Every structure is written in C-alpha cells, then in structure tokens.
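One file, query11.txt, carrying compact mmCIF, N, CA and C atoms:
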```
# COMPACT_ATOMS: atom_id res chain seq x y z
N MET Y 158 151.46 193.78 120.92
CA MET Y 158 150.46 193.77 121.96
C MET Y 158 150.91 194.56 123.18
N ILE Y 159 152.19 194.44 123.49
CA ILE Y 159 152.70 195.10 124.68
C ILE Y 159 152.60 196.62 124.55
N TYR Y 160 153.06 197.14 123.41
CA TYR Y 160 153.09 198.58 123.25
C TYR Y 160 151.80 199.15 122.67
N ALA Y 161 151.20 198.47 121.72
CA ALA Y 161 150.01 198.99 121.07
C ALA Y 161 148.77 198.91 121.96
N ALA Y 162 148.63 197.78 122.69
CA ALA Y 162 147.43 197.59 123.50
C ALA Y 162 147.69 197.76 124.99
N GLY Y 163 148.95 197.93 125.38
CA GLY Y 163 149.26 198.11 126.79
C GLY Y 163 149.11 196.85 127.62
N ILE Y 164 149.22 195.69 126.98
CA ILE Y 164 149.08 194.41 127.68
C ILE Y 164 150.41 194.08 128.35
N SER Y 165 150.33 193.44 129.52
CA SER Y 165 151.56 193.06 130.22
C SER Y 165 152.32 192.01 129.41
N ALA Y 166 153.62 191.92 129.66
CA ALA Y 166 154.46 190.97 128.93
C ALA Y 166 153.99 189.54 129.15
N LEU Y 167 153.60 189.19 130.37
CA LEU Y 167 153.16 187.82 130.65
C LEU Y 167 151.89 187.47 129.89
N VAL Y 168 150.94 188.42 129.84
CA VAL Y 168 149.69 188.17 129.10
C VAL Y 168 149.99 188.09 127.60
N ALA Y 169 150.90 188.92 127.12
CA ALA Y 169 151.27 188.88 125.69
C ALA Y 169 151.91 187.55 125.33
N VAL Y 170 152.78 187.05 126.20
CA VAL Y 170 153.42 185.75 125.95
C VAL Y 170 152.38 184.65 125.93
N GLY Y 171 151.48 184.65 126.92
CA GLY Y 171 150.43 183.63 126.97
C GLY Y 171 149.52 183.69 125.76
N THR Y 172 149.13 184.89 125.34
CA THR Y 172 148.28 185.05 124.17
C THR Y 172 148.98 184.56 122.92
N SER Y 173 150.25 184.88 122.79
CA SER Y 173 151.03 184.43 121.65
C SER Y 173 151.12 182.90 121.61
N LEU Y 174 151.31 182.30 122.76
CA LEU Y 174 151.39 180.83 122.82
C LEU Y 174 150.09 180.17 122.40
N VAL Y 175 148.96 180.75 122.79
CA VAL Y 175 147.67 180.19 122.38
C VAL Y 175 147.53 180.28 120.86
N THR Y 176 147.92 181.41 120.29
CA THR Y 176 147.86 181.58 118.84
C THR Y 176 148.75 180.57 118.13
N VAL Y 177 149.97 180.41 118.63
CA VAL Y 177 150.90 179.45 118.03
C VAL Y 177 150.35 178.03 118.17
N PHE Y 178 149.73 177.73 119.30
CA PHE Y 178 149.17 176.39 119.50
C PHE Y 178 148.15 176.06 118.42
N PHE Y 179 147.21 176.97 118.17
CA PHE Y 179 146.16 176.67 117.20
C PHE Y 179 146.69 176.63 115.76
N SER Y 180 147.56 177.58 115.41
CA SER Y 180 148.11 177.55 114.05
C SER Y 180 149.04 176.35 113.88
N GLY Y 181 149.81 176.02 114.91
CA GLY Y 181 150.67 174.85 114.85
C GLY Y 181 149.89 173.55 114.77
N SER Y 182 148.77 173.49 115.49
CA SER Y 182 147.93 172.29 115.45
C SER Y 182 147.37 172.07 114.05
N TYR Y 183 146.93 173.14 113.42
CA TYR Y 183 146.41 173.02 112.06
C TYR Y 183 147.52 172.55 111.11
N GLY Y 184 148.70 173.16 111.23
CA GLY Y 184 149.82 172.76 110.38
C GLY Y 184 150.22 171.31 110.61
N ALA Y 185 150.26 170.89 111.87
CA ALA Y 185 150.61 169.51 112.19
C ALA Y 185 149.59 168.55 111.59
N PHE Y 186 148.33 168.88 111.68
CA PHE Y 186 147.27 168.04 111.11
C PHE Y 186 147.43 167.95 109.59
N ALA Y 187 147.66 169.08 108.95
CA ALA Y 187 147.79 169.09 107.49
C ALA Y 187 149.00 168.27 107.04
N TYR Y 188 150.12 168.42 107.71
CA TYR Y 188 151.32 167.65 107.34
C TYR Y 188 151.14 166.17 107.65
N THR Y 189 150.45 165.85 108.72
CA THR Y 189 150.20 164.44 109.06
C THR Y 189 149.33 163.78 107.99
N MET Y 190 148.34 164.50 107.53
CA MET Y 190 147.42 163.95 106.52
C MET Y 190 148.14 163.67 105.21
N THR Y 191 149.20 164.41 104.92
CA THR Y 191 149.95 164.18 103.68
C THR Y 191 151.15 163.27 103.88
N GLY Y 192 151.35 162.77 105.12
CA GLY Y 192 152.43 161.84 105.40
C GLY Y 192 153.81 162.47 105.52
N HIS Y 193 153.86 163.74 105.82
CA HIS Y 193 155.14 164.45 105.89
C HIS Y 193 155.55 164.74 107.34
N VAL Y 194 155.47 163.73 108.21
CA VAL Y 194 155.83 163.90 109.62
C VAL Y 194 156.81 162.82 110.01
N ASP Y 195 157.92 163.21 110.58
CA ASP Y 195 158.90 162.28 111.17
C ASP Y 195 158.56 162.19 112.66
N TRP Y 196 157.86 161.14 113.05
CA TRP Y 196 157.34 161.02 114.41
C TRP Y 196 158.46 160.93 115.45
N THR Y 197 159.56 160.28 115.12
CA THR Y 197 160.67 160.17 116.07
C THR Y 197 161.25 161.56 116.38
N ALA Y 198 161.52 162.31 115.34
CA ALA Y 198 162.04 163.67 115.54
C ALA Y 198 161.01 164.53 116.27
N GLY Y 199 159.74 164.35 115.95
CA GLY Y 199 158.69 165.12 116.61
C GLY Y 199 158.62 164.85 118.10
N ILE Y 200 158.78 163.60 118.49
CA ILE Y 200 158.74 163.24 119.91
C ILE Y 200 159.95 163.82 120.64
N VAL Y 201 161.11 163.78 120.01
CA VAL Y 201 162.32 164.35 120.63
C VAL Y 201 162.14 165.86 120.82
N VAL Y 202 161.64 166.54 119.81
CA VAL Y 202 161.41 167.99 119.91
C VAL Y 202 160.36 168.28 120.97
N LEU Y 203 159.32 167.48 121.03
CA LEU Y 203 158.27 167.66 122.03
C LEU Y 203 158.82 167.52 123.45
N ALA Y 204 159.67 166.52 123.67
CA ALA Y 204 160.26 166.33 124.99
C ALA Y 204 161.10 167.55 125.40
N GLY Y 205 161.89 168.05 124.47
CA GLY Y 205 162.67 169.26 124.75
C GLY Y 205 161.79 170.47 124.99
N SER Y 206 160.69 170.55 124.26
CA SER Y 206 159.77 171.68 124.41
C SER Y 206 159.11 171.67 125.78
N ILE Y 207 158.75 170.49 126.26
CA ILE Y 207 158.11 170.41 127.57
C ILE Y 207 159.06 170.91 128.65
N LEU Y 208 160.32 170.51 128.58
CA LEU Y 208 161.31 171.01 129.53
C LEU Y 208 161.48 172.52 129.37
N GLY Y 209 161.56 172.98 128.13
CA GLY Y 209 161.73 174.40 127.86
C GLY Y 209 160.57 175.25 128.36
N ILE Y 210 159.36 174.70 128.28
CA ILE Y 210 158.18 175.43 128.76
C ILE Y 210 158.32 175.70 130.26
N HIS Y 211 158.65 174.67 131.01
CA HIS Y 211 158.77 174.84 132.46
C HIS Y 211 159.89 175.80 132.83
N LEU Y 212 161.02 175.67 132.16
CA LEU Y 212 162.13 176.60 132.42
C LEU Y 212 161.76 178.03 132.02
N GLY Y 213 161.10 178.16 130.88
CA GLY Y 213 160.72 179.49 130.39
C GLY Y 213 159.74 180.20 131.30
N VAL Y 214 158.73 179.48 131.78
CA VAL Y 214 157.74 180.09 132.68
C VAL Y 214 158.41 180.53 133.98
N ALA Y 215 159.24 179.66 134.54
CA ALA Y 215 159.92 180.00 135.79
C ALA Y 215 160.88 181.17 135.57
N ALA Y 216 161.59 181.17 134.45
CA ALA Y 216 162.55 182.24 134.18
C ALA Y 216 161.85 183.58 133.97
N VAL Y 217 160.75 183.58 133.23
CA VAL Y 217 160.03 184.83 132.97
C VAL Y 217 159.45 185.39 134.27
N ASN Y 218 159.01 184.51 135.17
CA ASN Y 218 158.50 184.97 136.46
C ASN Y 218 159.61 185.51 137.35
N ALA Y 219 160.85 185.12 137.11
CA ALA Y 219 161.98 185.57 137.93
C ALA Y 219 162.60 186.86 137.41
N VAL Y 220 162.20 187.32 136.23
CA VAL Y 220 162.79 188.51 135.61
C VAL Y 220 161.74 189.62 135.57
N ALA Y 221 162.17 190.83 135.85
CA ALA Y 221 161.25 191.98 135.82
C ALA Y 221 160.69 192.19 134.42
N GLU Y 222 159.43 192.60 134.37
CA GLU Y 222 158.75 192.79 133.08
C GLU Y 222 159.46 193.82 132.20
N LYS Y 223 159.97 194.88 132.81
CA LYS Y 223 160.67 195.91 132.03
C LYS Y 223 161.89 195.32 131.34
N ARG Y 224 162.62 194.44 132.04
CA ARG Y 224 163.80 193.80 131.45
C ARG Y 224 163.40 192.91 130.28
N ILE Y 225 162.29 192.20 130.42
CA ILE Y 225 161.82 191.34 129.33
C ILE Y 225 161.50 192.17 128.10
N LYS Y 226 160.86 193.32 128.29
CA LYS Y 226 160.53 194.20 127.16
C LYS Y 226 161.80 194.70 126.46
N ILE Y 227 162.78 195.09 127.25
CA ILE Y 227 164.04 195.59 126.67
C ILE Y 227 164.74 194.47 125.91
N LEU Y 228 164.80 193.29 126.50
CA LEU Y 228 165.46 192.16 125.84
C LEU Y 228 164.75 191.78 124.55
N PHE Y 229 163.42 191.80 124.58
CA PHE Y 229 162.66 191.48 123.37
C PHE Y 229 162.92 192.52 122.28
N ALA Y 230 162.99 193.79 122.66
CA ALA Y 230 163.30 194.85 121.68
C ALA Y 230 164.70 194.64 121.08
N LEU Y 231 165.65 194.25 121.93
CA LEU Y 231 167.00 193.99 121.42
C LEU Y 231 167.02 192.78 120.48
N LEU Y 232 166.24 191.77 120.80
CA LEU Y 232 166.17 190.61 119.91
C LEU Y 232 165.56 191.01 118.56
N LEU Y 233 164.52 191.82 118.58
CA LEU Y 233 163.93 192.30 117.32
C LEU Y 233 164.95 193.11 116.51
N PHE Y 234 165.77 193.90 117.20
CA PHE Y 234 166.83 194.64 116.52
C PHE Y 234 167.81 193.68 115.86
N CYS Y 235 168.20 192.62 116.58
CA CYS Y 235 169.12 191.61 116.02
C CYS Y 235 168.51 190.94 114.78
N VAL Y 236 167.21 190.65 114.85
CA VAL Y 236 166.54 190.04 113.70
C VAL Y 236 166.54 191.01 112.52
N THR Y 237 166.31 192.29 112.79
CA THR Y 237 166.33 193.31 111.72
C THR Y 237 167.71 193.38 111.07
N VAL Y 238 168.76 193.42 111.89
CA VAL Y 238 170.13 193.45 111.36
C VAL Y 238 170.41 192.18 110.57
N SER Y 239 169.94 191.05 111.07
CA SER Y 239 170.15 189.77 110.38
C SER Y 239 169.50 189.78 109.00
N VAL Y 240 168.28 190.27 108.92
CA VAL Y 240 167.58 190.33 107.62
C VAL Y 240 168.34 191.27 106.68
N LEU Y 241 168.79 192.40 107.19
CA LEU Y 241 169.56 193.34 106.37
C LEU Y 241 170.83 192.68 105.84
N LEU Y 242 171.56 191.99 106.71
CA LEU Y 242 172.79 191.32 106.27
C LEU Y 242 172.51 190.25 105.23
N LYS Y 243 171.42 189.52 105.40
CA LYS Y 243 171.07 188.49 104.42
C LYS Y 243 170.69 189.11 103.08
N GLN Y 244 170.07 190.29 103.10
CA GLN Y 244 169.75 190.98 101.86
C GLN Y 244 171.01 191.46 101.15
N LEU Y 245 172.06 191.71 101.92
CA LEU Y 245 173.35 192.12 101.36
C LEU Y 245 174.20 190.91 101.01
N ASP Y 246 173.58 189.74 101.02
CA ASP Y 246 174.22 188.46 100.70
C ASP Y 246 175.31 188.09 101.71
N LEU Y 247 175.12 188.50 102.95
CA LEU Y 247 176.01 188.12 104.05
C LEU Y 247 175.24 187.18 104.97
N LYS Y 248 174.84 186.04 104.41
CA LYS Y 248 173.94 185.12 105.12
C LYS Y 248 174.54 184.56 106.41
N ILE Y 249 175.81 184.21 106.38
CA ILE Y 249 176.44 183.63 107.58
C ILE Y 249 176.51 184.68 108.68
N ALA Y 250 176.90 185.89 108.34
CA ALA Y 250 176.96 186.97 109.34
C ALA Y 250 175.58 187.23 109.91
N GLY Y 251 174.56 187.23 109.05
CA GLY Y 251 173.19 187.43 109.52
C GLY Y 251 172.75 186.34 110.49
N SER Y 252 173.14 185.11 110.20
CA SER Y 252 172.79 184.01 111.09
C SER Y 252 173.48 184.16 112.44
N TYR Y 253 174.74 184.57 112.42
CA TYR Y 253 175.48 184.77 113.67
C TYR Y 253 174.85 185.88 114.51
N VAL Y 254 174.41 186.95 113.87
CA VAL Y 254 173.81 188.06 114.61
C VAL Y 254 172.55 187.61 115.33
N VAL Y 255 171.66 186.93 114.63
CA VAL Y 255 170.40 186.54 115.27
C VAL Y 255 170.62 185.45 116.33
N MET Y 256 171.53 184.53 116.08
CA MET Y 256 171.79 183.49 117.07
C MET Y 256 172.49 184.06 118.30
N SER Y 257 173.38 185.03 118.10
CA SER Y 257 174.04 185.68 119.24
C SER Y 257 173.04 186.45 120.08
N GLY Y 258 172.13 187.14 119.42
CA GLY Y 258 171.09 187.86 120.14
C GLY Y 258 170.19 186.94 120.94
N ALA Y 259 169.81 185.82 120.34
CA ALA Y 259 168.97 184.85 121.04
C ALA Y 259 169.71 184.23 122.22
N ALA Y 260 170.98 183.92 122.03
CA ALA Y 260 171.78 183.34 123.12
C ALA Y 260 171.93 184.33 124.27
N ALA Y 261 172.18 185.59 123.94
CA ALA Y 261 172.31 186.61 124.98
C ALA Y 261 171.00 186.77 125.73
N LEU Y 262 169.89 186.77 125.01
CA LEU Y 262 168.57 186.87 125.64
C LEU Y 262 168.37 185.72 126.62
N CYS Y 263 168.69 184.51 126.20
CA CYS Y 263 168.53 183.34 127.07
C CYS Y 263 169.41 183.46 128.31
N LEU Y 264 170.65 183.86 128.12
CA LEU Y 264 171.57 183.97 129.27
C LEU Y 264 171.10 185.02 130.27
N VAL Y 265 170.67 186.17 129.77
CA VAL Y 265 170.24 187.24 130.67
C VAL Y 265 168.98 186.83 131.43
N ILE Y 266 168.08 186.12 130.79
CA ILE Y 266 166.85 185.68 131.47
C ILE Y 266 167.14 184.52 132.42
N LEU Y 267 167.96 183.58 131.99
CA LEU Y 267 168.20 182.39 132.81
C LEU Y 267 169.15 182.64 133.98
N TYR Y 268 170.01 183.64 133.90
CA TYR Y 268 170.96 183.88 134.99
C TYR Y 268 170.27 184.12 136.34
N PRO Y 269 169.32 185.08 136.45
CA PRO Y 269 168.67 185.27 137.74
C PRO Y 269 167.86 184.04 138.18
N PHE Y 270 167.25 183.38 137.22
CA PHE Y 270 166.48 182.18 137.53
C PHE Y 270 167.39 181.11 138.14
N MET Y 271 168.51 180.86 137.49
CA MET Y 271 169.43 179.83 137.99
C MET Y 271 170.05 180.25 139.33
N ARG Y 272 170.35 181.52 139.49
CA ARG Y 272 170.90 182.01 140.76
C ARG Y 272 169.90 181.77 141.89
N ASN Y 273 168.62 182.10 141.66
CA ASN Y 273 167.59 181.88 142.68
C ASN Y 273 167.38 180.39 142.93
N PHE Y 274 167.36 179.61 141.88
CA PHE Y 274 167.15 178.17 142.02
C PHE Y 274 168.28 177.52 142.82
N LEU Y 275 169.52 177.85 142.47
CA LEU Y 275 170.66 177.26 143.16
C LEU Y 275 170.73 177.71 144.62
N SER Y 276 170.36 178.96 144.90
CA SER Y 276 170.39 179.41 146.29
C SER Y 276 169.35 178.67 147.12
N ARG Y 277 168.19 178.36 146.53
CA ARG Y 277 167.17 177.58 147.25
C ARG Y 277 167.62 176.14 147.47
N VAL Y 278 168.27 175.57 146.47
CA VAL Y 278 168.73 174.18 146.59
C VAL Y 278 169.77 174.05 147.69
N PHE Y 279 170.72 174.97 147.72
CA PHE Y 279 171.80 174.87 148.69
C PHE Y 279 171.39 175.33 150.08
N ARG Y 280 170.32 176.09 150.22
CA ARG Y 280 169.81 176.49 151.53
C ARG Y 280 169.16 175.32 152.26
N ARG Y 281 168.57 174.40 151.53
CA ARG Y 281 167.87 173.27 152.12
C ARG Y 281 168.79 172.32 152.85
N LYS Y 282 170.03 172.26 152.44
CA LYS Y 282 170.96 171.27 153.03
C LYS Y 282 171.59 171.76 154.29
```
Rewrite the structure of this file - the entire thing - as structure tokens.
Amino acid sequence: MIYAAGISALVAVGTSLVTVFFSGSYGAFAYTMTGHVDWTAGIVVLAGSILGIHLGVAAVNAVAEKRIKILFALLLFCVTVSVLLKQLDLKIAGSYVVMSGAAALCLVILYPFMRNFLSRVFRRK
C-alpha cells in the first residue's frame, strides 16, 4: 500500500489493522464454534495486546515515516532470508534471523519513544 498506492505509513498500518481485525474476528468465531479456544491464554494475550497497541501507536507517532518504511523493508528482507534458510533446512538459523530483525525493529522504534517519554517524566519533577 505504501509504495504501490502512495499511502502514508500511518494510514497503511491503520488499514492493515482493520483488515486483521475482521479476518481475526471470523477466525475467532469459527474456532470458538468448534470448541478450540483456550480462554485463559486468550485473555492473557489480549491484555498484552492492549498494552502493545498503546505503546505501538505512541512509538509510531514518535518515529519519522521514512524511518518506519526503511525498517519495514529491512524486516521484509529478514523474513526473505529466513524463508530461504528454512528452505535450505537451516530452520534454527532462519528463526534467529527473523527474530533478530524483529527485535532490532522494536528497539529502533522504541528508543526515541522511550527517550521522549523519560525526558517528559523527569522534567515534571
């Protein structure tokens, strides 16, 4: 969406979330109807997701859109390398590549957010 349609990163993220919401809702309904839902685990994941949503929105607003695009492209590259390694039967290496890329993405996005947040907290005192 970002490159093909020229949509901003924030609008692309929001659009993607709406799509995931509806497809996830259908999947959740289907699994619930067949009795394949662990409600305790679901509530724990939901609680973490709610916290993650707030952190993610604040972090994305604190990072320049160009940086988000570059980081997303790097994550896609890591996923590509991971798939290639798994096809070469190097599954553990592939998992490390994609998890390292995701961790780096999180750190780069959260660093400015946390720096701004902590500076505001300590200025108040």
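Taking atom N of Leu264 in chain Y as the reference point, atom C of Phe178 in chain Y is found at 25.7 Å.
Take CA of Ala185 in chain Y and CA of Ala198 in chain Y: the distance between them is 13.3 Å.
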### Message
If DSSP is run on the backbone, what residues of chain Y are helix (DSSP H, G or I)? A reply as a PyMOL selection string would be ideal.
### Response
chain Y and resi 166-190+196-219+222-244+248-281
### Query
Can you tell me, as a ChimeraX atom specification, what residues are no more than 12 Å from Leu241 in chain Y when counting only C-alpha atoms, ignoring any on the same chain fewer than 6 positions away?
/Y:234-235,247-252,254-255
### Query
Which value, in Å to one decimal, gives the distance between CA of Tyr253 in chain Y and CA of Ser239 in chain Y?
8.0 Å
I'd like the neighbourhood of range 217-226 of chain Y as a CSV table (one decimal) with N, CA and C atoms, in the frame of the given file, where a residue qualifies if any of its atoms comes within 9 Å (using only C-alpha atoms), though same-chain residues fewer than 4 positions away should be ignored.
```csv
chain,number,residue,atom,x,y,z
Y,159,ILE,N,152.2,194.4,123.5
Y,159,ILE,CA,152.7,195.1,124.7
Y,159,ILE,C,152.6,196.6,124.6
Y,165,SER,N,150.3,193.4,129.5
Y,165,SER,CA,151.6,193.1,130.2
Y,165,SER,C,152.3,192.0,129.4
Y,166,ALA,N,153.6,191.9,129.7
Y,166,ALA,CA,154.5,191.0,128.9
Y,166,ALA,C,154.0,189.5,129.2
Y,167,LEU,N,153.6,189.2,130.4
Y,167,LEU,CA,153.2,187.8,130.6
Y,167,LEU,C,151.9,187.5,129.9
Y,212,LEU,N,161.0,175.7,132.2
Y,212,LEU,CA,162.1,176.6,132.4
Y,212,LEU,C,161.8,178.0,132.0
Y,213,GLY,N,161.1,178.2,130.9
Y,213,GLY,CA,160.7,179.5,130.4
Y,213,GLY,C,159.7,180.2,131.3
Y,230,ALA,N,163.0,193.8,122.7
Y,230,ALA,CA,163.3,194.8,121.7
Y,230,ALA,C,164.7,194.6,121.1
Y,231,LEU,N,165.6,194.2,121.9
Y,231,LEU,CA,167.0,194.0,121.4
Y,231,LEU,C,167.0,192.8,120.5
Y,262,LEU,N,169.9,186.8,125.0
Y,262,LEU,CA,168.6,186.9,125.6
Y,262,LEU,C,168.4,185.7,126.6
Y,266,ILE,N,168.1,186.1,130.8
Y,266,ILE,CA,166.8,185.7,131.5
Y,266,ILE,C,167.1,184.5,132.4
Y,267,LEU,N,168.0,183.6,132.0
Y,267,LEU,CA,168.2,182.4,132.8
Y,267,LEU,C,169.2,182.6,134.0
Y,269,PRO,N,169.3,185.1,136.4
Y,269,PRO,CA,168.7,185.3,137.7
Y,269,PRO,C,167.9,184.0,138.2
Y,270,PHE,N,167.2,183.4,137.2
Y,270,PHE,CA,166.5,182.2,137.5
Y,270,PHE,C,167.4,181.1,138.1
Y,273,ASN,N,168.6,182.1,141.7
Y,273,ASN,CA,167.6,181.9,142.7
Y,273,ASN,C,167.4,180.4,142.9
```
Polymer residues at most 6 Å from Leu232 in chain Y, all atoms listed in the file, same-chain spacing of 5 or more positions, as a PDB file with N, CA and C atoms, in the coordinates of the input:
```pdb
ATOM      1  N   ILE Y 227     162.780 195.090 127.250  1.00  0.00           N
ATOM      2  CA  ILE Y 227     164.040 195.590 126.670  1.00  0.00           C
ATOM      3  C   ILE Y 227     164.740 194.470 125.910  1.00  0.00           C
ATOM      4  N   THR Y 237     166.310 192.290 112.790  1.00  0.00           N
ATOM      5  CA  THR Y 237     166.330 193.310 111.720  1.00  0.00           C
ATOM      6  C   THR Y 237     167.710 193.380 111.070  1.00  0.00           C
ATOM      7  N   GLY Y 258     172.130 187.140 119.420  1.00  0.00           N
ATOM      8  CA  GLY Y 258     171.090 187.860 120.140  1.00  0.00           C
ATOM      9  C   GLY Y 258     170.190 186.940 120.940  1.00  0.00           C
TER      10      GLY Y 258
END
```
